[in-house]
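J.: The structure that follows is given in the form of structure tokens.
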Amino acid sequence: MVEMQAHTWVGRDTDSKGETQAIDVYWNPTEGAGKYAVLAVPAHLKTVLIIGTWYTSNIGVLLLNKYLLSSFGYKYPIFLTMLHMSACTFYSYIAINWLEIVPMQFILSRKQLLKIVALCFVFSFSVVSGNTSLRYLPVSFNQAIGATTPFFTAVFAILITWKTESTVVYLALIPVVFGMVIASRSEPLFNLLGFLVCLSSTASRALKSVVQGILLASEGEKLHSMNLLMYMAPMSALLLLPFTLVCEGNIFAVTFKKARETPLILLLLLGNTTMAYLVNLSNFLVTKHTSALTLQVLGNAKGVVAAVISVLIFHNPVTVMGMAGFATTIIGVVLYSEAKKR
């Protein structure tokens with residue numbers, strides 16, 4: 001949420017939450033060289049820089065979200081998500097129309113537009129829920145819940161498309177769920193509301209992956225990930241605007257007041273929203289310069305790295321059983337990925 005034709009479909013089943021969710025990738029290897037592709041950079045160095053950017057942006061936006069929403073006291077997850085979408089709109093336009101990182105694609109019909117709008121609802125709910133959960137849960141527990149995405153993807157695939165997998169694939173999901181149960185029962189800072197919101201975000205992200213595969217299945221309606229982001233981001237921002245005004249009050253006045261009292265918040269928001277876009281850009285670049293398998297491996301490891309760094313920064317308590325539960329879930333995700341490839 002693999003078709004070896006003109007485009008390659010890449011699933012991000014193991015994506016974490018509490019961050020701007022990366023759009024699934026359609027990549028044409030013959031397109032999107034960009035105006036500045038002539039700059040000579042050694043291939044190995046380019047790969048290292050891209051992977052470094054991927055890790056920095058994915059973990060950075062997650063930790064900044066946690067800091068802003070929890071430690072810094074900027075408790076407005078809907079508005080923060082709207083800022084993410086606004087930044088993605090701006091950066092996407094520059095990347096596609098000026099830098100020509102990928103070829104520009106256009107929405108060809110009203111039907112295609114309505115499908116993208118439908119995706120925006122699921123996408124926005126998933127990201128807002130993930131960000132909201134960070135107000136109540138530590139990043140480490142947030143990542144443990146987020147790692148269960150493959151389970152929900154398999155469930156929605158059956159319910160919506162009637163697509164079934166082999167028995168081995170379903171058996172691999174047992175440790176995914178079992179590990180999450182252990183982590184939940186052993187979490188010192190467990191919060192029921194945060195848990196339910198985070199679980200909703202995980203499920204809706206899986207739902208978006210399945211629905212996107214259905215709605216944009218025809219060859220003429222497939223959009224490159226960066227083009228899809230360029231169209232979805234402004235729609236999502238507009239969708240979230242009335243919700244943030246109703247649920248979070250006069251957030252613009254609040255932000256202006258906070259900026260006058262603590263100018264640092266402007267730098268934090270700028271860095272946070274920029275990283276939100278880099279999550280999507282680096283996701284595409286990792287796939288382009290390495291492989292879908294590399295992206296999957298990085299995704300599995302990222303949750304663990306983010307959890308460790310968050311514990312070091314925020315000093316939230318962890319238990320041996322909680323760590324064992326998280327590890328069990330990650331092992332299940334790896335087994336699931338291997339079973340899917342067979």
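By order in the structure tokens, chains are A, B, ...; within a chain, residues start at 1; ligands start at 1, following the order shown.
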List the neighbours of Tyr93 of chain A out to 10 Å using only C-alpha atoms; skip same-chain residues closer than 4 positions along the sequence, and give me the result as a PDB file with all heavy atoms, in the first residue's frame.

T.:
ATOM      1  N   ALA A  87       3.341  22.031   3.156  1.00  0.00           N
ATOM      2  CA  ALA A  87       4.756  21.989   2.764  1.00  0.00           C
ATOM      3  C   ALA A  87       4.976  21.010   1.619  1.00  0.00           C
ATOM      4  O   ALA A  87       5.737  21.294   0.684  1.00  0.00           O
ATOM      5  CB  ALA A  87       5.612  21.594   3.965  1.00  0.00           C
ATOM      6  N   CYS A  88       4.302  19.863   1.671  1.00  0.00           N
ATOM      7  CA  CYS A  88       4.439  18.877   0.587  1.00  0.00           C
ATOM      8  C   CYS A  88       3.904  19.443  -0.730  1.00  0.00           C
ATOM      9  O   CYS A  88       4.439  19.141  -1.800  1.00  0.00           O
ATOM     10  CB  CYS A  88       3.696  17.594   0.950  1.00  0.00           C
ATOM     11  SG  CYS A  88       4.532  16.592   2.211  1.00  0.00           S
ATOM     12  N   THR A  89       2.858  20.257  -0.652  1.00  0.00           N
ATOM     13  CA  THR A  89       2.328  20.914  -1.852  1.00  0.00           C
ATOM     14  C   THR A  89       3.374  21.828  -2.471  1.00  0.00           C
ATOM     15  O   THR A  89       3.642  21.782  -3.675  1.00  0.00           O
ATOM     16  CB  THR A  89       1.081  21.746  -1.500  1.00  0.00           C
ATOM     17  OG1 THR A  89       0.095  20.891  -0.926  1.00  0.00           O
ATOM     18  CG2 THR A  89       0.510  22.419  -2.743  1.00  0.00           C
ATOM     19  N   ASN A  97       7.854  20.738 -11.227  1.00  0.00           N
ATOM     20  CA  ASN A  97       7.736  21.761 -12.262  1.00  0.00           C
ATOM     21  C   ASN A  97       9.029  22.516 -12.540  1.00  0.00           C
ATOM     22  O   ASN A  97       9.250  22.972 -13.665  1.00  0.00           O
ATOM     23  CB  ASN A  97       6.638  22.759 -11.872  1.00  0.00           C
ATOM     24  CG  ASN A  97       5.253  22.166 -11.973  1.00  0.00           C
ATOM     25  OD1 ASN A  97       4.641  22.144 -13.027  1.00  0.00           O
ATOM     26  ND2 ASN A  97       4.752  21.645 -10.857  1.00  0.00           N
ATOM     27  N   TRP A  98       9.895  22.670 -11.553  1.00  0.00           N
ATOM     28  CA  TRP A  98      11.146  23.385 -11.750  1.00  0.00           C
ATOM     29  C   TRP A  98      12.339  22.449 -11.904  1.00  0.00           C
ATOM     30  O   TRP A  98      13.087  22.546 -12.863  1.00  0.00           O
ATOM     31  CB  TRP A  98      11.397  24.340 -10.576  1.00  0.00           C
ATOM     32  CG  TRP A  98      10.453  25.508 -10.531  1.00  0.00           C
ATOM     33  CD1 TRP A  98       9.378  25.739 -11.356  1.00  0.00           C
ATOM     34  CD2 TRP A  98      10.476  26.601  -9.609  1.00  0.00           C
ATOM     35  NE1 TRP A  98       8.735  26.882 -11.000  1.00  0.00           N
ATOM     36  CE2 TRP A  98       9.379  27.459  -9.935  1.00  0.00           C
ATOM     37  CE3 TRP A  98      11.288  26.947  -8.546  1.00  0.00           C
ATOM     38  CZ2 TRP A  98       9.105  28.615  -9.236  1.00  0.00           C
ATOM     39  CZ3 TRP A  98      11.030  28.103  -7.831  1.00  0.00           C
ATOM     40  CH2 TRP A  98       9.945  28.931  -8.183  1.00  0.00           C
ATOM     41  N   LEU A  99      12.510  21.544 -10.942  1.00  0.00           N
ATOM     42  CA  LEU A  99      13.665  20.654 -10.977  1.00  0.00           C
ATOM     43  C   LEU A  99      13.446  19.455 -11.890  1.00  0.00           C
ATOM     44  O   LEU A  99      14.405  18.785 -12.279  1.00  0.00           O
ATOM     45  CB  LEU A  99      13.996  20.171  -9.557  1.00  0.00           C
ATOM     46  CG  LEU A  99      14.309  21.272  -8.533  1.00  0.00           C
ATOM     47  CD1 LEU A  99      14.645  20.644  -7.183  1.00  0.00           C
ATOM     48  CD2 LEU A  99      15.440  22.163  -9.013  1.00  0.00           C
ATOM     49  N   GLU A 100      12.192  19.172 -12.208  1.00  0.00           N
ATOM     50  CA  GLU A 100      11.835  18.050 -13.091  1.00  0.00           C
ATOM     51  C   GLU A 100      12.441  16.736 -12.610  1.00  0.00           C
ATOM     52  O   GLU A 100      13.024  15.976 -13.376  1.00  0.00           O
ATOM     53  CB  GLU A 100      12.265  18.351 -14.525  1.00  0.00           C
ATOM     54  CG  GLU A 100      11.559  19.560 -15.122  1.00  0.00           C
ATOM     55  CD  GLU A 100      11.985  19.842 -16.558  1.00  0.00           C
ATOM     56  OE1 GLU A 100      12.802  19.067 -17.096  1.00  0.00           O
ATOM     57  OE2 GLU A 100      11.507  20.824 -17.141  1.00  0.00           O
ATOM     58  N   MET A 104       5.962  15.464 -15.277  1.00  0.00           N
ATOM     59  CA  MET A 104       4.655  15.928 -14.815  1.00  0.00           C
ATOM     60  C   MET A 104       3.557  15.042 -15.388  1.00  0.00           C
ATOM     61  O   MET A 104       3.549  14.720 -16.577  1.00  0.00           O
ATOM     62  CB  MET A 104       4.437  17.373 -15.271  1.00  0.00           C
ATOM     63  CG  MET A 104       3.094  17.953 -14.890  1.00  0.00           C
ATOM     64  SD  MET A 104       3.001  18.294 -13.130  1.00  0.00           S
ATOM     65  CE  MET A 104       1.408  19.124 -13.049  1.00  0.00           C
ATOM     66  N   MET A 226       5.405  10.847  -6.732  1.00  0.00           N
ATOM     67  CA  MET A 226       5.614  12.277  -6.486  1.00  0.00           C
ATOM     68  C   MET A 226       4.476  13.105  -7.088  1.00  0.00           C
ATOM     69  O   MET A 226       4.095  14.139  -6.536  1.00  0.00           O
ATOM     70  CB  MET A 226       6.956  12.718  -7.078  1.00  0.00           C
ATOM     71  CG  MET A 226       8.149  11.920  -6.562  1.00  0.00           C
ATOM     72  SD  MET A 226       8.187  11.764  -4.759  1.00  0.00           S
ATOM     73  CE  MET A 226       8.492  13.440  -4.272  1.00  0.00           C
ATOM     74  N   ASN A 227       3.928  12.675  -8.212  1.00  0.00           N
ATOM     75  CA  ASN A 227       2.764  13.350  -8.786  1.00  0.00           C
ATOM     76  C   ASN A 227       1.527  13.139  -7.916  1.00  0.00           C
ATOM     77  O   ASN A 227       0.744  14.072  -7.697  1.00  0.00           O
ATOM     78  CB  ASN A 227       2.495  12.835 -10.205  1.00  0.00           C
ATOM     79  CG  ASN A 227       3.392  13.468 -11.240  1.00  0.00           C
ATOM     80  OD1 ASN A 227       3.143  14.565 -11.719  1.00  0.00           O
ATOM     81  ND2 ASN A 227       4.477  12.773 -11.584  1.00  0.00           N
ATOM     82  N   LEU A 229       1.493  12.635  -4.736  1.00  0.00           N
ATOM     83  CA  LEU A 229       1.669  13.476  -3.560  1.00  0.00           C
ATOM     84  C   LEU A 229       1.333  14.932  -3.875  1.00  0.00           C
ATOM     85  O   LEU A 229       0.705  15.625  -3.065  1.00  0.00           O
ATOM     86  CB  LEU A 229       3.103  13.372  -3.052  1.00  0.00           C
ATOM     87  CG  LEU A 229       3.461  14.262  -1.850  1.00  0.00           C
ATOM     88  CD1 LEU A 229       2.655  13.849  -0.625  1.00  0.00           C
ATOM     89  CD2 LEU A 229       4.957  14.192  -1.558  1.00  0.00           C
ATOM     90  N   MET A 230       1.740  15.407  -5.053  1.00  0.00           N
ATOM     91  CA  MET A 230       1.488  16.791  -5.439  1.00  0.00           C
ATOM     92  C   MET A 230      -0.011  17.088  -5.503  1.00  0.00           C
ATOM     93  O   MET A 230      -0.452  18.196  -5.185  1.00  0.00           O
ATOM     94  CB  MET A 230       2.138  17.091  -6.795  1.00  0.00           C
ATOM     95  CG  MET A 230       2.013  18.544  -7.235  1.00  0.00           C
ATOM     96  SD  MET A 230       2.821  18.881  -8.813  1.00  0.00           S
ATOM     97  CE  MET A 230       1.794  17.925  -9.929  1.00  0.00           C
ATOM     98  N   TYR A 231      -0.809  16.111  -5.910  1.00  0.00           N
ATOM     99  CA  TYR A 231      -2.254  16.305  -5.989  1.00  0.00           C
ATOM    100  C   TYR A 231      -2.940  16.055  -4.640  1.00  0.00           C
ATOM    101  O   TYR A 231      -3.890  16.756  -4.268  1.00  0.00           O
ATOM    102  CB  TYR A 231      -2.849  15.379  -7.044  1.00  0.00           C
ATOM    103  CG  TYR A 231      -2.477  15.758  -8.455  1.00  0.00           C
ATOM    104  CD1 TYR A 231      -1.806  14.866  -9.294  1.00  0.00           C
ATOM    105  CD2 TYR A 231      -2.779  17.018  -8.968  1.00  0.00           C
ATOM    106  CE1 TYR A 231      -1.454  15.227 -10.585  1.00  0.00           C
ATOM    107  CE2 TYR A 231      -2.436  17.383 -10.258  1.00  0.00           C
ATOM    108  CZ  TYR A 231      -1.774  16.478 -11.063  1.00  0.00           C
ATOM    109  OH  TYR A 231      -1.429  16.839 -12.340  1.00  0.00           O
TER     110      TYR A 231
END

J.: Set the distance at 9 Å and use only C-alpha atoms: which residues neighbour Val304 of chain A once local chain neighbours fewer than 2 positions away are removed? I'd like the list as a list in words.

T.: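 So, after excluding close chain neighbours, the residues are Ser140, Gln143, Ala144, Asn300, Ala301, Lys302, Ala306, Ala307, Val308, Ile309, Phe326, Ala327 and Ile330 of chain A.
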
J.: Based on the selection just made, write C-alpha atoms of those residues as a compact mmCIF listing (two decimals), in the first residue's frame.

T.:
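Output contents, as saved in part-v4.txt:
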# COMPACT_ATOMS: atom_id res chain seq x y z
CA SER A 140 8.95 3.22 21.15
CA GLN A 143 6.56 2.04 16.62
CA ALA A 144 5.65 -1.34 18.07
CA ASN A 300 12.04 -2.88 9.24
CA ALA A 301 15.20 -1.51 10.85
CA LYS A 302 13.95 2.07 11.08
CA ALA A 306 13.69 5.27 16.07
CA ALA A 307 12.58 3.51 19.26
CA VAL A 308 16.14 3.37 20.63
CA ILE A 309 16.87 7.02 19.81
CA PHE A 326 8.65 -5.28 19.97
CA ALA A 327 11.40 -7.67 18.84
CA ILE A 330 9.75 -7.14 14.04

J.: Which polymer residues have any atom within 12 Å of an atom of segment 121-123 of chain A, counting only C-alpha atoms, with same-chain residues fewer than 2 positions away left out, as a ChimeraX atom specification?

T.: /A:1,17,19-24,81-82,85,114-119,125-130,200-212,228-229,232-233,235-240

J.: Would you kindly return, as a PyMOL selection string, each protein, DNA or RNA residue with an atom no farther than 12 Å from any atom of Val333 of chain A, considering only C-alpha atoms and excluding same-chain residues fewer than 4 positions away?

T.: chain A and resi 12-15+144-151+169-180+296-297+299-301+303+326-329+337-340

J.: For segment 89-129 of chain A against segment 272-292 of chain A, with a cut-off of 12 Å and counting only C-alpha atoms, what is the closest atom pair and its distance in Å to one decimal for every residue that makes the cut, ordered by chain and number, as JSON lines?

T.:
{"residue": "A:Thr89", "atom": "CA", "partner": "A:Tyr277", "partner_atom": "CA", "distance": 8.8}
{"residue": "A:Phe90", "atom": "CA", "partner": "A:Tyr277", "partner_atom": "CA", "distance": 9.3}
{"residue": "A:Tyr91", "atom": "CA", "partner": "A:Tyr277", "partner_atom": "CA", "distance": 7.0}
{"residue": "A:Ser92", "atom": "CA", "partner": "A:Tyr277", "partner_atom": "CA", "distance": 8.0}
{"residue": "A:Tyr93", "atom": "CA", "partner": "A:Tyr277", "partner_atom": "CA", "distance": 11.5}
{"residue": "A:Ile94", "atom": "CA", "partner": "A:Tyr277", "partner_atom": "CA", "distance": 11.7}
{"residue": "A:Ala95", "atom": "CA", "partner": "A:Leu281", "partner_atom": "CA", "distance": 9.2}
{"residue": "A:Ile96", "atom": "CA", "partner": "A:Leu281", "partner_atom": "CA", "distance": 11.1}
{"residue": "A:Ile101", "atom": "CA", "partner": "A:Leu281", "partner_atom": "CA", "distance": 9.7}
{"residue": "A:Val102", "atom": "CA", "partner": "A:Phe284", "partner_atom": "CA", "distance": 10.2}
{"residue": "A:Val127", "atom": "CA", "partner": "A:Ala276", "partner_atom": "CA", "distance": 11.0}

J.: Which is closer to Lys66 of chain A than all the others in A:Ile313, A:Leu270, A:Val168, A:Lys46, using only C-alpha atoms?

T.: A:Ile313

J.: To test your reading of the structure, identify every residue in segment 76-268 of chain A that backbone DSSP assigns to helix (DSSP H, G or I), and report it as an MDAnalysis selection string.

T.: chainID A and resid 77:98 110:133 139:146 149:161 167:186 192:215 219:221 225:248 251:261 264:268

J.: What lies within 10 Å of Lys222 of chain A using only C-alpha atoms, ignoring chain neighbours under 2 positions off, as JSON, numbers by chain?

T.: {"A": [7, 26, 105, 107, 112, 212, 213, 215, 216, 217, 218, 219, 220, 224, 225, 227, 228]}
